[in-house]
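Data first, discussion second: the structure below is written as structure tokens.
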Amino acid sequence: MNDHIHGQDASFDNAPHYTDDRGGNTALVCYGLMIATLFTAFATGLIALIVSYIAREEDNHWTNSHYTFVIRTFWISILYAIILGFFTFMIGWIPLLGWAIVGLMGLYTTAWFIGRNVIGLLRALNGRPIDNPQSWFFG
């Protein structure tokens with residue numbers, strides 16, 4: 001009761017701490033920037049890529065797996081965008097069939113991108129590393 005009088009709730013000390021002092025918040029910001037990439041044509045993704053390259057260190061801290069995951073998500077999504085652009089150029093002119101194939105590829109790429117970033121964000125919020133940051137799928 002004494003803590004409440006001085007302006008600090010006693011339950012504050014029992015609250016879970018999701019990130020530590022060494023960059024857990026930076027990983028969260030990187031995931032937020034990556035998700036915002038869907039609306040900024042890779043501009044915020046490029047910022048997340050640069051921040052991830054700078055923040056990643058050569059030890060076994062749990063945040064390093066997140067930075068590797070963000071970096072790989074960026075580059076793999078660029079690869080998927082190039083492949084999608086190629087298929088759009090090659091078969092996108094075919095009515096219905098070409099549109100369906102290109103549309104499904106675009107839908108898969110978007111779902112993959114969102115899924116990877118949301119899974120990474122949830123793991124970062126819980127202070128857990130990505131199990132396999134080198135994975136092409138969801139780690």
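We name chains A, B, ... following the order of the structure tokens; residues begin at 1 in each chain, and ligands are numbered from 1 as shown.
Near stretch 54-69 of chain A, within 7 Å and counting only C-alpha atoms, sit A:Gly23, A:Gly24, A:Ala27, A:Ile50, A:Thr73, A:Gly120, A:Arg128, A:Pro129, A:Ile130, A:Pro133, A:Gln134, not including residues fewer than 4 positions from it in the same chain.
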### Task
If you run DSSP over the backbone, which residues in stretch 38-98 of chain A end up helix (DSSP H, G or I)? Put them as a ChimeraX atom specification.
/A:38-40,43-55,62-91,97-98
### Query
A:Ala36: which residues within 12 Å, counting only C-alpha atoms, same-chain residues fewer than 4 positions away excluded, as a PyMOL selection string?
chain A and resi 29-32+40-48+113-114+117-118
Residues as selected, N, CA and C atoms, written as a PDB file, in the first residue's frame, can you do that?
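Here's the written file again_6.pdb:
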```pdb
ATOM      1  N   VAL A  29      11.257  -2.946 -33.624  1.00  0.00           N
ATOM      2  CA  VAL A  29      11.155  -1.852 -34.597  1.00  0.00           C
ATOM      3  C   VAL A  29      11.427  -2.371 -36.010  1.00  0.00           C
ATOM      4  N   CYS A  30      12.416  -3.264 -36.144  1.00  0.00           N
ATOM      5  CA  CYS A  30      12.725  -3.829 -37.466  1.00  0.00           C
ATOM      6  C   CYS A  30      11.535  -4.589 -38.024  1.00  0.00           C
ATOM      7  N   TYR A  31      10.864  -5.377 -37.176  1.00  0.00           N
ATOM      8  CA  TYR A  31       9.682  -6.098 -37.650  1.00  0.00           C
ATOM      9  C   TYR A  31       8.561  -5.129 -38.022  1.00  0.00           C
ATOM     10  N   GLY A  32       8.386  -4.077 -37.248  1.00  0.00           N
ATOM     11  CA  GLY A  32       7.376  -3.074 -37.590  1.00  0.00           C
ATOM     12  C   GLY A  32       7.670  -2.407 -38.922  1.00  0.00           C
ATOM     13  N   THR A  40       4.848   0.791 -48.338  1.00  0.00           N
ATOM     14  CA  THR A  40       5.838   1.797 -48.728  1.00  0.00           C
ATOM     15  C   THR A  40       6.771   1.329 -49.841  1.00  0.00           C
ATOM     16  N   ALA A  41       6.447   0.240 -50.506  1.00  0.00           N
ATOM     17  CA  ALA A  41       7.241  -0.262 -51.639  1.00  0.00           C
ATOM     18  C   ALA A  41       8.715  -0.456 -51.263  1.00  0.00           C
ATOM     19  N   PHE A  42       8.965  -1.179 -50.210  1.00  0.00           N
ATOM     20  CA  PHE A  42      10.302  -1.576 -49.735  1.00  0.00           C
ATOM     21  C   PHE A  42      11.119  -0.439 -49.129  1.00  0.00           C
ATOM     22  N   ALA A  43      10.565   0.764 -48.985  1.00  0.00           N
ATOM     23  CA  ALA A  43      11.346   1.867 -48.408  1.00  0.00           C
ATOM     24  C   ALA A  43      11.647   1.607 -46.934  1.00  0.00           C
ATOM     25  N   THR A  44      10.636   1.252 -46.144  1.00  0.00           N
ATOM     26  CA  THR A  44      10.890   0.978 -44.728  1.00  0.00           C
ATOM     27  C   THR A  44      11.609  -0.352 -44.547  1.00  0.00           C
ATOM     28  N   GLY A  45      11.427  -1.263 -45.483  1.00  0.00           N
ATOM     29  CA  GLY A  45      12.165  -2.519 -45.434  1.00  0.00           C
ATOM     30  C   GLY A  45      13.658  -2.299 -45.598  1.00  0.00           C
ATOM     31  N   LEU A  46      14.010  -1.351 -46.430  1.00  0.00           N
ATOM     32  CA  LEU A  46      15.425  -1.005 -46.607  1.00  0.00           C
ATOM     33  C   LEU A  46      16.011  -0.418 -45.318  1.00  0.00           C
ATOM     34  N   ILE A  47      15.229   0.385 -44.619  1.00  0.00           N
ATOM     35  CA  ILE A  47      15.675   0.915 -43.326  1.00  0.00           C
ATOM     36  C   ILE A  47      15.844  -0.220 -42.328  1.00  0.00           C
ATOM     37  N   ALA A  48      14.889  -1.154 -42.288  1.00  0.00           N
ATOM     38  CA  ALA A  48      14.993  -2.311 -41.387  1.00  0.00           C
ATOM     39  C   ALA A  48      16.213  -3.160 -41.727  1.00  0.00           C
ATOM     40  N   PHE A 113       5.357 -13.279 -46.542  1.00  0.00           N
ATOM     41  CA  PHE A 113       6.009 -12.103 -45.973  1.00  0.00           C
ATOM     42  C   PHE A 113       5.354 -11.698 -44.652  1.00  0.00           C
ATOM     43  N   ILE A 114       4.032 -11.632 -44.638  1.00  0.00           N
ATOM     44  CA  ILE A 114       3.320 -11.259 -43.413  1.00  0.00           C
ATOM     45  C   ILE A 114       3.529 -12.318 -42.337  1.00  0.00           C
ATOM     46  N   ASN A 117       7.063 -12.175 -40.756  1.00  0.00           N
ATOM     47  CA  ASN A 117       7.255 -11.013 -39.896  1.00  0.00           C
ATOM     48  C   ASN A 117       6.412 -11.074 -38.627  1.00  0.00           C
ATOM     49  N   VAL A 118       5.206 -11.583 -38.711  1.00  0.00           N
ATOM     50  CA  VAL A 118       4.371 -11.697 -37.512  1.00  0.00           C
ATOM     51  C   VAL A 118       4.948 -12.748 -36.568  1.00  0.00           C
TER      52      VAL A 118
END
```
### Task
Can you work out which one of A:Leu84, A:Leu122, A:Leu33, A:Leu49 has the shortest atom-to-atom distance to A:Thr110, counting only C-alpha atoms?
A:Leu84
Env of A:Tyr108: 12 Å cut, atoms = only C-alpha atoms, seq-sep filter 4 positions within chain, self excluded. Answer as a PDB file with all heavy atoms, in the first residue's frame.
```
ATOM      1  N   SER A  77      12.339 -11.868 -50.041  1.00  0.00           N
ATOM      2  CA  SER A  77      11.168 -11.195 -50.619  1.00  0.00           C
ATOM      3  C   SER A  77      11.539 -10.437 -51.889  1.00  0.00           C
ATOM      4  O   SER A  77      10.741 -10.371 -52.828  1.00  0.00           O
ATOM      5  CB  SER A  77      10.518 -10.261 -49.597  1.00  0.00           C
ATOM      6  OG  SER A  77      11.385  -9.220 -49.238  1.00  0.00           O
ATOM      7  N   TYR A  80      11.599 -13.128 -54.477  1.00  0.00           N
ATOM      8  CA  TYR A  80      10.234 -13.487 -54.856  1.00  0.00           C
ATOM      9  C   TYR A  80       9.610 -12.401 -55.733  1.00  0.00           C
ATOM     10  O   TYR A  80       8.872 -12.708 -56.663  1.00  0.00           O
ATOM     11  CB  TYR A  80       9.364 -13.720 -53.628  1.00  0.00           C
ATOM     12  CG  TYR A  80       9.577 -15.054 -52.938  1.00  0.00           C
ATOM     13  CD1 TYR A  80       9.072 -15.291 -51.669  1.00  0.00           C
ATOM     14  CD2 TYR A  80      10.274 -16.079 -53.544  1.00  0.00           C
ATOM     15  CE1 TYR A  80       9.249 -16.499 -51.036  1.00  0.00           C
ATOM     16  CE2 TYR A  80      10.464 -17.293 -52.914  1.00  0.00           C
ATOM     17  CZ  TYR A  80       9.949 -17.497 -51.660  1.00  0.00           C
ATOM     18  OH  TYR A  80      10.125 -18.692 -51.033  1.00  0.00           O
ATOM     19  N   ALA A  81       9.894 -11.138 -55.461  1.00  0.00           N
ATOM     20  CA  ALA A  81       9.355 -10.043 -56.279  1.00  0.00           C
ATOM     21  C   ALA A  81       9.919 -10.096 -57.694  1.00  0.00           C
ATOM     22  O   ALA A  81       9.194  -9.867 -58.670  1.00  0.00           O
ATOM     23  CB  ALA A  81       9.663  -8.697 -55.623  1.00  0.00           C
ATOM     24  N   LEU A  84       8.238 -13.015 -59.408  1.00  0.00           N
ATOM     25  CA  LEU A  84       6.866 -12.629 -59.716  1.00  0.00           C
ATOM     26  C   LEU A  84       6.823 -11.670 -60.908  1.00  0.00           C
ATOM     27  O   LEU A  84       5.970 -11.802 -61.790  1.00  0.00           O
ATOM     28  CB  LEU A  84       6.211 -11.996 -58.487  1.00  0.00           C
ATOM     29  CG  LEU A  84       4.752 -11.603 -58.613  1.00  0.00           C
ATOM     30  CD1 LEU A  84       3.884 -12.819 -58.932  1.00  0.00           C
ATOM     31  CD2 LEU A  84       4.287 -10.946 -57.334  1.00  0.00           C
ATOM     32  N   ILE A 101      -2.397 -17.456 -62.250  1.00  0.00           N
ATOM     33  CA  ILE A 101      -1.086 -17.914 -61.776  1.00  0.00           C
ATOM     34  C   ILE A 101      -0.328 -16.770 -61.107  1.00  0.00           C
ATOM     35  O   ILE A 101       0.202 -16.921 -60.004  1.00  0.00           O
ATOM     36  CB  ILE A 101      -0.280 -18.526 -62.936  1.00  0.00           C
ATOM     37  CG1 ILE A 101      -0.926 -19.831 -63.388  1.00  0.00           C
ATOM     38  CG2 ILE A 101       1.166 -18.765 -62.522  1.00  0.00           C
ATOM     39  CD1 ILE A 101      -0.351 -20.408 -64.662  1.00  0.00           C
ATOM     40  N   VAL A 102      -0.297 -15.630 -61.758  1.00  0.00           N
ATOM     41  CA  VAL A 102       0.407 -14.470 -61.194  1.00  0.00           C
ATOM     42  C   VAL A 102      -0.283 -14.012 -59.904  1.00  0.00           C
ATOM     43  O   VAL A 102       0.391 -13.673 -58.919  1.00  0.00           O
ATOM     44  CB  VAL A 102       0.490 -13.332 -62.237  1.00  0.00           C
ATOM     45  CG1 VAL A 102       0.954 -12.045 -61.603  1.00  0.00           C
ATOM     46  CG2 VAL A 102       1.401 -13.731 -63.374  1.00  0.00           C
ATOM     47  N   GLY A 103      -1.597 -14.024 -59.884  1.00  0.00           N
ATOM     48  CA  GLY A 103      -2.333 -13.632 -58.676  1.00  0.00           C
ATOM     49  C   GLY A 103      -2.059 -14.555 -57.508  1.00  0.00           C
ATOM     50  O   GLY A 103      -1.852 -14.105 -56.375  1.00  0.00           O
ATOM     51  N   LEU A 104      -2.027 -15.860 -57.766  1.00  0.00           N
ATOM     52  CA  LEU A 104      -1.733 -16.821 -56.696  1.00  0.00           C
ATOM     53  C   LEU A 104      -0.293 -16.688 -56.209  1.00  0.00           C
ATOM     54  O   LEU A 104      -0.025 -16.817 -55.009  1.00  0.00           O
ATOM     55  CB  LEU A 104      -2.006 -18.249 -57.168  1.00  0.00           C
ATOM     56  CG  LEU A 104      -3.483 -18.606 -57.336  1.00  0.00           C
ATOM     57  CD1 LEU A 104      -3.633 -20.002 -57.936  1.00  0.00           C
ATOM     58  CD2 LEU A 104      -4.198 -18.516 -55.996  1.00  0.00           C
ATOM     59  N   TRP A 112       3.369 -15.169 -47.188  1.00  0.00           N
ATOM     60  CA  TRP A 112       4.665 -15.613 -46.663  1.00  0.00           C
ATOM     61  C   TRP A 112       5.354 -14.456 -45.931  1.00  0.00           C
ATOM     62  O   TRP A 112       5.864 -14.624 -44.830  1.00  0.00           O
ATOM     63  CB  TRP A 112       5.534 -16.114 -47.821  1.00  0.00           C
ATOM     64  CG  TRP A 112       6.941 -16.379 -47.447  1.00  0.00           C
ATOM     65  CD1 TRP A 112       7.447 -17.534 -46.929  1.00  0.00           C
ATOM     66  CD2 TRP A 112       8.045 -15.470 -47.560  1.00  0.00           C
ATOM     67  NE1 TRP A 112       8.796 -17.388 -46.709  1.00  0.00           N
ATOM     68  CE2 TRP A 112       9.183 -16.136 -47.084  1.00  0.00           C
ATOM     69  CE3 TRP A 112       8.172 -14.165 -48.013  1.00  0.00           C
ATOM     70  CZ2 TRP A 112      10.438 -15.540 -47.058  1.00  0.00           C
ATOM     71  CZ3 TRP A 112       9.407 -13.562 -47.976  1.00  0.00           C
ATOM     72  CH2 TRP A 112      10.530 -14.245 -47.500  1.00  0.00           C
ATOM     73  N   PHE A 113       5.357 -13.279 -46.542  1.00  0.00           N
ATOM     74  CA  PHE A 113       6.009 -12.103 -45.973  1.00  0.00           C
ATOM     75  C   PHE A 113       5.354 -11.698 -44.652  1.00  0.00           C
ATOM     76  O   PHE A 113       6.033 -11.462 -43.651  1.00  0.00           O
ATOM     77  CB  PHE A 113       5.943 -10.960 -46.985  1.00  0.00           C
ATOM     78  CG  PHE A 113       6.680  -9.732 -46.566  1.00  0.00           C
ATOM     79  CD1 PHE A 113       8.044  -9.641 -46.753  1.00  0.00           C
ATOM     80  CD2 PHE A 113       6.015  -8.666 -45.981  1.00  0.00           C
ATOM     81  CE1 PHE A 113       8.741  -8.506 -46.371  1.00  0.00           C
ATOM     82  CE2 PHE A 113       6.697  -7.534 -45.599  1.00  0.00           C
ATOM     83  CZ  PHE A 113       8.071  -7.456 -45.798  1.00  0.00           C
ATOM     84  N   ILE A 114       4.032 -11.632 -44.638  1.00  0.00           N
ATOM     85  CA  ILE A 114       3.320 -11.259 -43.413  1.00  0.00           C
ATOM     86  C   ILE A 114       3.529 -12.318 -42.337  1.00  0.00           C
ATOM     87  O   ILE A 114       3.806 -11.988 -41.178  1.00  0.00           O
ATOM     88  CB  ILE A 114       1.818 -11.043 -43.709  1.00  0.00           C
ATOM     89  CG1 ILE A 114       1.622  -9.808 -44.579  1.00  0.00           C
ATOM     90  CG2 ILE A 114       1.026 -10.916 -42.409  1.00  0.00           C
ATOM     91  CD1 ILE A 114       0.211  -9.650 -45.106  1.00  0.00           C
ATOM     92  N   GLY A 115       3.411 -13.592 -42.703  1.00  0.00           N
ATOM     93  CA  GLY A 115       3.582 -14.670 -41.735  1.00  0.00           C
ATOM     94  C   GLY A 115       4.955 -14.676 -41.101  1.00  0.00           C
ATOM     95  O   GLY A 115       5.101 -14.815 -39.882  1.00  0.00           O
ATOM     96  N   ARG A 116       5.973 -14.499 -41.905  1.00  0.00           N
ATOM     97  CA  ARG A 116       7.344 -14.481 -41.382  1.00  0.00           C
ATOM     98  C   ARG A 116       7.549 -13.330 -40.413  1.00  0.00           C
ATOM     99  O   ARG A 116       8.146 -13.499 -39.347  1.00  0.00           O
ATOM    100  CB  ARG A 116       8.325 -14.345 -42.551  1.00  0.00           C
ATOM    101  CG  ARG A 116       9.311 -15.468 -42.625  1.00  0.00           C
ATOM    102  CD  ARG A 116      10.175 -15.335 -43.840  1.00  0.00           C
ATOM    103  NE  ARG A 116      11.538 -15.036 -43.516  1.00  0.00           N
ATOM    104  CZ  ARG A 116      12.497 -15.942 -43.363  1.00  0.00           C
ATOM    105  NH1 ARG A 116      12.212 -17.212 -43.502  1.00  0.00           N
ATOM    106  NH2 ARG A 116      13.715 -15.585 -43.085  1.00  0.00           N
ATOM    107  N   PHE A 137      11.363 -20.551 -44.814  1.00  0.00           N
ATOM    108  CA  PHE A 137       9.944 -20.462 -44.470  1.00  0.00           C
ATOM    109  C   PHE A 137       9.749 -19.667 -43.193  1.00  0.00           C
ATOM    110  O   PHE A 137       9.993 -18.486 -43.175  1.00  0.00           O
ATOM    111  CB  PHE A 137       9.321 -21.854 -44.414  1.00  0.00           C
ATOM    112  CG  PHE A 137       9.256 -22.494 -45.769  1.00  0.00           C
ATOM    113  CD1 PHE A 137      10.111 -23.527 -46.095  1.00  0.00           C
ATOM    114  CD2 PHE A 137       8.372 -22.038 -46.726  1.00  0.00           C
ATOM    115  CE1 PHE A 137      10.078 -24.085 -47.359  1.00  0.00           C
ATOM    116  CE2 PHE A 137       8.338 -22.590 -47.992  1.00  0.00           C
ATOM    117  CZ  PHE A 137       9.197 -23.631 -48.307  1.00  0.00           C
TER     118      PHE A 137
END
```
### Distance criterion (only C-alpha atoms): nearest to A:Gly139 out of A:Val70, A:Leu79, A:Trp93, A:Gly98
A:Val70
